[in-house]
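Data block below; observations after.
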Amino acid sequence: MCRFSRILKLVLILLWGLGSVANASSAMTLFKKNCAECHGEDRLGRMGPALLPQNLSRLKKAQAVEVVTHGRPSTQMPPFAGRLSEQQIRSLVDLVYTPLPYTPTWGKEQMAATHKVFIPLSRLPSKPVHHADPMNMFVVVELGDHHATILDGDTFEPLTRVKTHFALHGGPKYSPDGRFVYFGSRDGWVSKFDMWSLQYVAEIRAGINTRNLAVSGDGRYVMVANYLPHTLVLLDASDLTPIRVIPVREDGGKESRVSAVYDASPRHSFVAALKDIPEVWEIAYGKQGAQAGSFPIRRIRLDDYLDDFFFDQSYRLLIGAARDDKQGQVIDLDRGRPVASLDLGGMPHLGSGITWNYRGRPVLATPNLAKGEISVIDMQTWQTIKRIKTDGPGFFMRSHENTPYAWVDVFFGPHRDEVHVIDKRTLEIVKTLRPVPGKTAAHVEFDKDGRHALLSIWDMDGAVIVYDARTLKEVKRLPMVKPSGKYNVHNKITRSAGTSH
Ligand code: DHE
């Protein structure tokens, strides 16, 4: 190569290099302006998930371009078509597939630095400081300003309202006796709150970007499922001291986010589904696990990933799906393998699945985040016996042993202000409520006896509306700031078939 060509080549490389730096910096500016509020300026996640190559292994770049262009159903991810050019969208996608200059870590040491015990258990009162029935209290999460209201489930009077960490997600989980409740936030904080003395007991940051948490049936442990880092974190439930950080990776070394972790009390284990490896993990905490201090992990290999799941009432069967328009799976946890597939297209929200007896047979029902229908499935034949058409895709479905009705919201679309009431005996919608026209109505939870149903109006100027569960008439309206979920102590700790647990 002559001297002139060499110089030309160097100049071209330099220009290309400068161009890439300029592109990266303009992509960063775009990211800060359009994405950082939900995903964090550092891309480690806030209300939206962390956007790093290690968390995007299931999403091809072309699909990511689609998501940014058209939004993602069932999430808060809006469409950017019309607001950003194709070129800008592509540069944002390139950015999120670029590794950070460092690997985000969150180990025991970092956790310990955030750990606070506000009051030792020995100094807590021996009986409640209020007159509410401790079994019929509710926690109401108010997402709008990151607070929680503790509600008396007989009088529907608030007992206190406390600040929470940013963006609680997943159901807060009670200790088996119902005295304590554990909150998990999307940014990794776990807090323990005393329902008797109405105060926080302890807190710790157990992850950077967290999914949910579970409390063991013996009340001794809390398990935290993380998106970032790729870990499950076992905490001592008494004061939230970290016991073990479990890396989530397969034998070949591939890591995974955790889709969710639940307690399976009858099995004395935690069960976690993984998002990037087609496996379910069962972690024993009973005699086998805890006494030996080993918490052995049993891995069950699947045909597909699980994004969402729940159990039958015996906790022998796990019912899950990848939410990718393929079939759902039934996994027999005793036999350690899938035993049936389910005709569940779209994005079934099985975490909100419920079960009941229909004409002498157990059935499950689940809303769908992508389709306006409720699938009702026979749990003996695993055939879909009915698709109940609704006015739009729904998020949450709820019932109670003492009511003939199941309530389901219409979370997405023009009818998001509606809630359908389905008769569990006929599988027909018998009433559609529209409590506040124009405002999203969603998430129902019953009181202890199933006599009242509490419904959220998801708005900064929102409310929890209490209905008579028999007449379907409103009995009380409590102003709240974008209340999301409501959680009744008795229904959760007795693992009512009508609610999530
Ligand atoms: Fe949730 C529970 C997954 C978006 C509000 N959500 C759960 C659980 C899972 C899950 C696995 C069960 C955990 C538990 O209870 O311990 N949620 C997902 C998603 O994959 C999805 C679609 C995307 C995401 O951003 O993670 C999603 N969820 C949302 C929201 O946008 C909602 C409506 C508002 C918010 O808080 O971010 C939302 N999810 C909830 C609520 C529960 C929940 C209120 C608890 C329901 C219950 O009654 O138990």
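Letters A, B, ... go to the chains of the structure tokens in the order shown; residues in each chain start at 1; ligands are counted from 1 in the same order.
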Using DSSP assignments from the backbone, pull out every residue in stretch 108-335 of chain A that falls under strand (DSSP E) and give it to me as number ranges by chain. A: 116-117, 137-142, 147-152, 158-163, 173-174, 180-184, 189-194, 199-205, 209-215, 221-228, 231-236, 242-247, 258-264, 269-274, 279-284, 297-301, 308-311, 317-321, 328-332
Please write out the residues within 8 Å of ligand 1 as number ranges by chain, counting only C-alpha atoms and all ligand atoms. A: 47-49, 74-76, 141, 143, 167-173, 211-214, 259-262, 307-309, 351-352, 369, 395-396, 443-445, 484-487, 499-501
Neighbours of A:Arg83 within 12 Å (only C-alpha atoms; same-chain residues fewer than 3 positions away dropped), as a list in words? Leu30, Lys33, Asn34, Val68, Thr69, His70, Pro78, Pro79, Phe80, Glu86, Gln87, Gln88 and Ile89 of chain A
With distances taken over only C-alpha atoms, which of A:Tyr227, A:Asp304, A:Gly336, A:Asn357 is nearest to A:Trp281?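 Between A:Tyr227, A:Asp304, A:Gly336, A:Asn357, the residue approaching A:Trp281 most closely is A:Gly336.
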For stretch 325-376 of chain A versus stretch 419-439 of chain A, which residues have an atom no more than 9 Å away, and what is each residue's nearest atom pair and distance in Å rounded to one decimal, using only C-alpha atoms, chain-then-number order, as CSV?
```
residue,atom,partner,partner_atom,distance
A:Trp356,CA,A:Lys424,CA,7.9
A:Asn357,CA,A:Lys424,CA,8.5
A:Tyr358,CA,A:Arg425,CA,6.3
A:Arg359,CA,A:Arg425,CA,7.5
A:Val376,CA,A:Leu427,CA,8.3
```
How would the residues just picked look written out with N, CA, C and O atoms as an mmCIF file, in the first residue's frame?
```cif
data_model
loop_
_atom_site.group_PDB
_atom_site.id
_atom_site.type_symbol
_atom_site.label_atom_id
_atom_site.label_comp_id
_atom_site.auth_asym_id
_atom_site.auth_seq_id
_atom_site.Cartn_x
_atom_site.Cartn_y
_atom_site.Cartn_z
ATOM 1 N N TRP A 356 -61.722 -23.178 40.812
ATOM 2 C CA TRP A 356 -62.938 -23.483 41.560
ATOM 3 C C TRP A 356 -63.527 -24.783 41.030
ATOM 4 O O TRP A 356 -63.010 -25.343 40.060
ATOM 5 N N ASN A 357 -64.599 -25.246 41.659
ATOM 6 C CA ASN A 357 -65.257 -26.458 41.175
ATOM 7 C C ASN A 357 -66.426 -26.069 40.294
ATOM 8 O O ASN A 357 -67.297 -25.320 40.708
ATOM 9 N N TYR A 358 -66.426 -26.598 39.079
ATOM 10 C CA TYR A 358 -67.506 -26.307 38.141
ATOM 11 C C TYR A 358 -68.147 -27.645 37.767
ATOM 12 O O TYR A 358 -67.470 -28.518 37.215
ATOM 13 N N ARG A 359 -69.411 -27.792 38.136
ATOM 14 C CA ARG A 359 -70.137 -29.046 37.867
ATOM 15 C C ARG A 359 -69.328 -30.269 38.320
ATOM 16 O O ARG A 359 -69.119 -31.219 37.559
ATOM 17 N N VAL A 376 -61.226 -20.838 30.385
ATOM 18 C CA VAL A 376 -61.608 -21.721 31.490
ATOM 19 C C VAL A 376 -61.201 -23.132 31.088
ATOM 20 O O VAL A 376 -61.585 -23.625 30.024
#
```
How many Å separate atom CA of A:Ala148 from atom CA of A:Thr160?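 Interatomic distance here is 8.4 Å.
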Of the listed residues A:Arg495, A:Arg179, A:Arg470, A:His415, that which approaches A:Thr403 most closely, counting only C-alpha atoms: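 Distance minimum relative to A:Thr403 lands on A:Arg470.
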Could you work out how far atom CA of A:Val245 lies from atom CA of A:Arg186, giving the answer in Å with one decimal?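 Result for atom CA of A:Arg186 versus atom CA of A:Val245: 18.0 Å, one decimal.
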Any idea what's packed within 8 Å of A:Leu342, counting only C-alpha atoms, ignoring anything in its chain fewer than 3 positions away? Could you give it as an mmCIF file with all heavy atoms, in the first residue's frame?
```
data_model
loop_
_atom_site.group_PDB
_atom_site.id
_atom_site.type_symbol
_atom_site.label_atom_id
_atom_site.label_comp_id
_atom_site.auth_asym_id
_atom_site.auth_seq_id
_atom_site.Cartn_x
_atom_site.Cartn_y
_atom_site.Cartn_z
ATOM 1 N N GLN A 327 -48.164 -22.672 23.562
ATOM 2 C CA GLN A 327 -49.040 -23.349 24.512
ATOM 3 C C GLN A 327 -48.561 -23.171 25.950
ATOM 4 O O GLN A 327 -47.385 -22.926 26.189
ATOM 5 C CB GLN A 327 -49.053 -24.826 24.173
ATOM 6 C CG GLN A 327 -49.737 -25.072 22.839
ATOM 7 C CD GLN A 327 -49.928 -26.533 22.601
ATOM 8 O OE1 GLN A 327 -49.018 -27.309 22.860
ATOM 9 N NE2 GLN A 327 -51.095 -26.910 22.136
ATOM 10 N N GLY A 328 -49.494 -23.327 26.890
ATOM 11 C CA GLY A 328 -49.113 -23.343 28.292
ATOM 12 C C GLY A 328 -48.621 -24.736 28.677
ATOM 13 O O GLY A 328 -48.790 -25.691 27.917
ATOM 14 N N GLN A 329 -48.000 -24.856 29.845
ATOM 15 C CA GLN A 329 -47.484 -26.151 30.276
ATOM 16 C C GLN A 329 -48.002 -26.486 31.673
ATOM 17 O O GLN A 329 -48.112 -25.595 32.519
ATOM 18 C CB GLN A 329 -45.954 -26.130 30.397
ATOM 19 C CG GLN A 329 -45.207 -25.653 29.188
ATOM 20 C CD GLN A 329 -43.695 -25.713 29.432
ATOM 21 O OE1 GLN A 329 -43.131 -26.751 29.736
ATOM 22 N NE2 GLN A 329 -43.025 -24.579 29.310
ATOM 23 N N VAL A 330 -48.273 -27.774 31.906
ATOM 24 C CA VAL A 330 -48.593 -28.251 33.252
ATOM 25 C C VAL A 330 -47.422 -29.114 33.685
ATOM 26 O O VAL A 330 -47.061 -30.074 32.988
ATOM 27 C CB VAL A 330 -49.890 -29.088 33.266
ATOM 28 C CG1 VAL A 330 -50.217 -29.527 34.689
ATOM 29 C CG2 VAL A 330 -51.045 -28.286 32.668
ATOM 30 N N TRP A 382 -57.484 -31.120 30.988
ATOM 31 C CA TRP A 382 -56.678 -29.994 30.506
ATOM 32 C C TRP A 382 -57.202 -29.422 29.183
ATOM 33 O O TRP A 382 -56.493 -28.760 28.450
ATOM 34 C CB TRP A 382 -55.181 -30.349 30.415
ATOM 35 C CG TRP A 382 -54.653 -30.763 31.747
ATOM 36 C CD1 TRP A 382 -54.269 -32.018 32.128
ATOM 37 C CD2 TRP A 382 -54.506 -29.941 32.926
ATOM 38 N NE1 TRP A 382 -53.885 -32.039 33.451
ATOM 39 C CE2 TRP A 382 -54.019 -30.776 33.962
ATOM 40 C CE3 TRP A 382 -54.752 -28.595 33.214
ATOM 41 C CZ2 TRP A 382 -53.773 -30.299 35.253
ATOM 42 C CZ3 TRP A 382 -54.498 -28.118 34.490
ATOM 43 C CH2 TRP A 382 -54.011 -28.970 35.487
ATOM 44 N N GLN A 383 -58.493 -29.686 28.895
ATOM 45 C CA GLN A 383 -59.131 -29.086 27.711
ATOM 46 C C GLN A 383 -59.738 -27.740 28.090
ATOM 47 O O GLN A 383 -60.232 -27.574 29.211
ATOM 48 C CB GLN A 383 -60.269 -29.991 27.188
ATOM 49 C CG GLN A 383 -59.819 -31.360 26.709
ATOM 50 C CD GLN A 383 -58.764 -31.257 25.614
ATOM 51 O OE1 GLN A 383 -58.980 -30.572 24.620
ATOM 52 N NE2 GLN A 383 -57.625 -31.905 25.821
ATOM 53 N N THR A 384 -59.700 -26.805 27.132
ATOM 54 C CA THR A 384 -60.372 -25.515 27.360
ATOM 55 C C THR A 384 -61.868 -25.754 27.210
ATOM 56 O O THR A 384 -62.310 -26.212 26.150
ATOM 57 C CB THR A 384 -59.901 -24.477 26.317
ATOM 58 O OG1 THR A 384 -58.485 -24.397 26.419
ATOM 59 C CG2 THR A 384 -60.508 -23.112 26.566
#
```
Give me, as JSON, numbers by chain, all polymer residues having an atom no more than 10 Å from A:Gly345, counting only C-alpha atoms and skipping those fewer than 3 positions away in the same chain. {"A": [321, 322, 323, 324, 325, 326, 327, 328, 342, 348, 368, 370, 371, 375]}
Same residues, N, CA and C atoms, saved as a compact mmCIF listing (two decimals), in the first residue's frame:
```txt
# COMPACT_ATOMS: atom_id res chain seq x y z
N ALA A 321 -46.77 -20.51 31.55
CA ALA A 321 -46.71 -20.22 30.11
C ALA A 321 -45.62 -19.20 29.85
N ALA A 322 -45.18 -19.20 28.57
CA ALA A 322 -44.12 -18.28 28.17
C ALA A 322 -44.67 -16.95 27.68
N ARG A 323 -45.96 -16.80 27.65
CA ARG A 323 -46.59 -15.57 27.17
C ARG A 323 -46.11 -15.18 25.77
N ASP A 324 -45.89 -16.19 24.91
CA ASP A 324 -45.41 -15.86 23.57
C ASP A 324 -46.29 -16.50 22.50
N ASP A 325 -47.56 -16.58 22.82
CA ASP A 325 -48.55 -17.09 21.88
C ASP A 325 -48.36 -18.57 21.59
N LYS A 326 -47.59 -19.26 22.43
CA LYS A 326 -47.49 -20.72 22.25
C LYS A 326 -48.39 -21.37 23.30
N GLN A 327 -48.16 -22.67 23.56
CA GLN A 327 -49.04 -23.35 24.51
C GLN A 327 -48.56 -23.17 25.95
N GLY A 328 -49.49 -23.33 26.89
CA GLY A 328 -49.11 -23.34 28.29
C GLY A 328 -48.62 -24.74 28.68
N LEU A 342 -51.38 -26.78 27.40
CA LEU A 342 -52.66 -26.08 27.44
C LEU A 342 -52.82 -25.20 26.22
N PRO A 348 -51.29 -15.27 28.30
CA PRO A 348 -52.09 -15.59 29.49
C PRO A 348 -51.42 -15.06 30.75
N ASN A 368 -56.10 -12.81 29.93
CA ASN A 368 -55.07 -12.78 28.90
C ASN A 368 -54.67 -11.32 28.67
N ALA A 370 -53.20 -10.10 26.22
CA ALA A 370 -53.22 -9.68 24.81
C ALA A 370 -54.57 -9.88 24.14
N LYS A 371 -55.48 -10.62 24.79
CA LYS A 371 -56.77 -10.91 24.15
C LYS A 371 -57.91 -10.66 25.11
N SER A 375 -59.87 -17.74 29.61
CA SER A 375 -59.87 -19.17 29.28
C SER A 375 -60.26 -19.94 30.53
```
DSSP helix (DSSP H, G or I) selection over stretch 40-148 of chain A, as a ChimeraX atom specification: /A:53-55,61-70,86-96,108-114,121-123,134-136
